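J.: Would you mind keeping the following structure in view while I ask a few things?
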Amino acid sequence: MKITAYEVRPDEEPVIRGLCDKYGIDVVITRANLDETTVNLAEGSYGITTLGQSTYSNEVLDELNKMGVKVLASRCVGYNHMNVEYARKLGFKLCNGSYAPNGVAEYSVMAILMCMRHQKKALYNTNDNDFTLKGKMGRELRSLTVGVLGAGKIGKTVVKILSGFGCKILAYDVIQDDEVKEYATYVDVDTIYKECDVITIHMPLLPATTGMINKEAIDKMKDGVILINNARGELLDIDAVIEGVENGKIGALYCDAFPGETGIIHVPHNEDIIRTEGMPYFKLKYLRSFVNVYHTPHMAFFTEEAAASMAACGVDSIYEIMTEGKSSHEIPC
């Protein structure tokens, strides 16, 4: 049997090769994304595995189907990039990755603390030999109310970490968890908007959640709210967020995910001109000019532990379906 692994980072390759050797699978490994120009690499493969920048267009899926590929395995947790409806129509088995929530949760709490303590300004000023305290007075978490939008695996871990800081924690999720209730109070979304000094977002990207942080939502928030988005960029209505930063409604913004980042993140652009539909990158550059806006390249997940787990999922899911007809990593219908 053979699989093709796309978008393979150097840290993933030993894990993928090691598992393929263990299972007796031939593997084609490439750094390239899956798209119309690279789909031919999957010829003869039972399954393919990618990260989140590959193209699952109808045309690419049609080609994979003609080649006899059976399994599409994303090594990412999110799978909104996989053209799920059309892929299922063609009969593909779809799988996604998994990893412990600790890395993203810890990163999110770090982001909160950095925003609260004006770390961007502090670091920039110190690098310029400005050792004054002007504009650097922070807050303490024990004095604040923190809202967690989305209390699944990652959100729940955020709640548990925050509980050690002594802050009041409000949580929203469509499914309520008894363990979360030990540390937080479940409320509706509007209550989180209205009562929280800090809001950290851990919602999935769905039609109902796309652009949920819009002008109407931001208008309901406290003046000077700290907003953290380490989930999916498209949860933000970026024009409304820009307006909120400009008028001071948003006191600090931390984005590890940004609308339109597909095709931009995880590759260097220091020698080219970035052109994307709607020019989201230029809006991002504008936002980054504010001293209270933080941006990182979708790296909250990126720990040794999580990266190894994701790489393993890409191979294990295909192998399980190949040998057992099902996988614990299959995306639910």
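Residues in the structure tokens are named by chain (A, B, ... in the order shown) and by number from 1 within that chain; ligands are numbered from 1 in the order shown.
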Set the distance at 12 Å and use only C-alpha atoms: which residues neighbour A:Gly135 once local chain neighbours fewer than 6 positions away are removed? I'd like the list as an MDAnalysis selection string.
T.: chainID A and resid 116:122 125 291:292
J.: Output C-alpha atoms for every residue in that selection, as a PDB file, in the first residue's frame.
T.:
ATOM      1  CA  MET A 116      -2.846  42.903  30.010  1.00  0.00           C
ATOM      2  CA  ARG A 117       0.773  43.876  30.675  1.00  0.00           C
ATOM      3  CA  HIS A 118       1.369  45.809  27.416  1.00  0.00           C
ATOM      4  CA  GLN A 119       4.230  43.547  26.399  1.00  0.00           C
ATOM      5  CA  LYS A 120       4.477  44.814  22.817  1.00  0.00           C
ATOM      6  CA  LYS A 121       5.039  48.372  23.990  1.00  0.00           C
ATOM      7  CA  ALA A 122       7.336  47.266  26.802  1.00  0.00           C
ATOM      8  CA  ASN A 125      10.440  50.638  24.140  1.00  0.00           C
ATOM      9  CA  VAL A 291       0.897  49.073  19.689  1.00  0.00           C
ATOM     10  CA  ASN A 292      -1.972  47.153  21.303  1.00  0.00           C
TER      11      ASN A 292
END
J.: Which of stretch 83-279 of chain A counts as helix (DSSP H, G or I) under DSSP, as a PyMOL selection string please?
T.: chain A and resi 84-89+102-116+119-127+141-143+153-163+178-181+189-195+215-220+233-235+238-246
J.: What lies within 9 Å of A:Leu41 using only C-alpha atoms, ignoring chain neighbours under 6 positions off, as a PDB file with all heavy atoms, in the first residue's frame?
T.:
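part_37.pdb was written with the following content:
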ATOM      1  N   THR A   4       0.372   9.294   0.051  1.00  0.00           N
ATOM      2  CA  THR A   4       1.102  10.508  -0.312  1.00  0.00           C
ATOM      3  C   THR A   4       0.862  11.548   0.773  1.00  0.00           C
ATOM      4  O   THR A   4      -0.285  11.813   1.149  1.00  0.00           O
ATOM      5  CB  THR A   4       0.645  11.057  -1.675  1.00  0.00           C
ATOM      6  OG1 THR A   4       0.849  10.044  -2.669  1.00  0.00           O
ATOM      7  CG2 THR A   4       1.445  12.295  -2.058  1.00  0.00           C
ATOM      8  N   VAL A  28       5.083   8.703  -0.331  1.00  0.00           N
ATOM      9  CA  VAL A  28       5.636   9.814  -1.095  1.00  0.00           C
ATOM     10  C   VAL A  28       5.498  11.056  -0.220  1.00  0.00           C
ATOM     11  O   VAL A  28       4.386  11.389   0.214  1.00  0.00           O
ATOM     12  CB  VAL A  28       4.888  10.025  -2.425  1.00  0.00           C
ATOM     13  CG1 VAL A  28       5.390  11.282  -3.132  1.00  0.00           C
ATOM     14  CG2 VAL A  28       5.047   8.814  -3.315  1.00  0.00           C
ATOM     15  N   THR A  30       6.201  15.177   0.258  1.00  0.00           N
ATOM     16  CA  THR A  30       6.510  16.428  -0.431  1.00  0.00           C
ATOM     17  C   THR A  30       6.211  17.612   0.479  1.00  0.00           C
ATOM     18  O   THR A  30       5.294  17.558   1.302  1.00  0.00           O
ATOM     19  CB  THR A  30       5.706  16.562  -1.745  1.00  0.00           C
ATOM     20  OG1 THR A  30       5.996  17.823  -2.351  1.00  0.00           O
ATOM     21  CG2 THR A  30       4.199  16.464  -1.501  1.00  0.00           C
ATOM     22  N   LEU A  34      -1.157  20.210  -1.763  1.00  0.00           N
ATOM     23  CA  LEU A  34      -2.000  19.524  -2.736  1.00  0.00           C
ATOM     24  C   LEU A  34      -2.745  20.573  -3.545  1.00  0.00           C
ATOM     25  O   LEU A  34      -3.433  21.427  -2.986  1.00  0.00           O
ATOM     26  CB  LEU A  34      -2.996  18.611  -2.019  1.00  0.00           C
ATOM     27  CG  LEU A  34      -4.136  18.048  -2.874  1.00  0.00           C
ATOM     28  CD1 LEU A  34      -3.595  17.057  -3.915  1.00  0.00           C
ATOM     29  CD2 LEU A  34      -5.194  17.384  -1.989  1.00  0.00           C
TER      30      LEU A  34
END
J.: Please provide as a count of residues only all residues within 7 Å of A:Leu170, with the sequence filter that same-chain residues fewer than 5 positions apart are discarded (counting only C-alpha atoms).
T.: 8
J.: Which value, in Å to one decimal, gives the distance between atom CA of A:Asp130 and atom CA of A:Asn247?
T.: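 Pair atom CA of A:Asp130 / atom CA of A:Asn247 returns 26.5 Å.
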J.: If you count only C-alpha atoms, which residues fall within 9 Å of A:Gly78, apart from same-chain ones fewer than 3 positions away, as a PDB file with C-alpha atoms, in the first residue's frame?
T.:
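Resulting contents of part21.pdb:
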ATOM      1  CA  GLY A  52      -4.446  23.206   6.125  1.00  0.00           C
ATOM      2  CA  SER A  74      -6.000  16.276   7.314  1.00  0.00           C
ATOM      3  CA  ARG A  75      -3.362  16.459   9.997  1.00  0.00           C
ATOM      4  CA  HIS A  81     -10.690  23.555   4.111  1.00  0.00           C
ATOM      5  CA  ASN A  96      -8.763  15.009  10.820  1.00  0.00           C
ATOM      6  CA  GLY A  97      -5.920  15.300  13.269  1.00  0.00           C
ATOM      7  CA  PRO A 204     -15.289  26.150  15.481  1.00  0.00           C
ATOM      8  CA  LEU A 205     -15.641  27.844  12.108  1.00  0.00           C
ATOM      9  CA  ARG A 232     -10.026  30.639  13.153  1.00  0.00           C
TER      10      ARG A 232
END
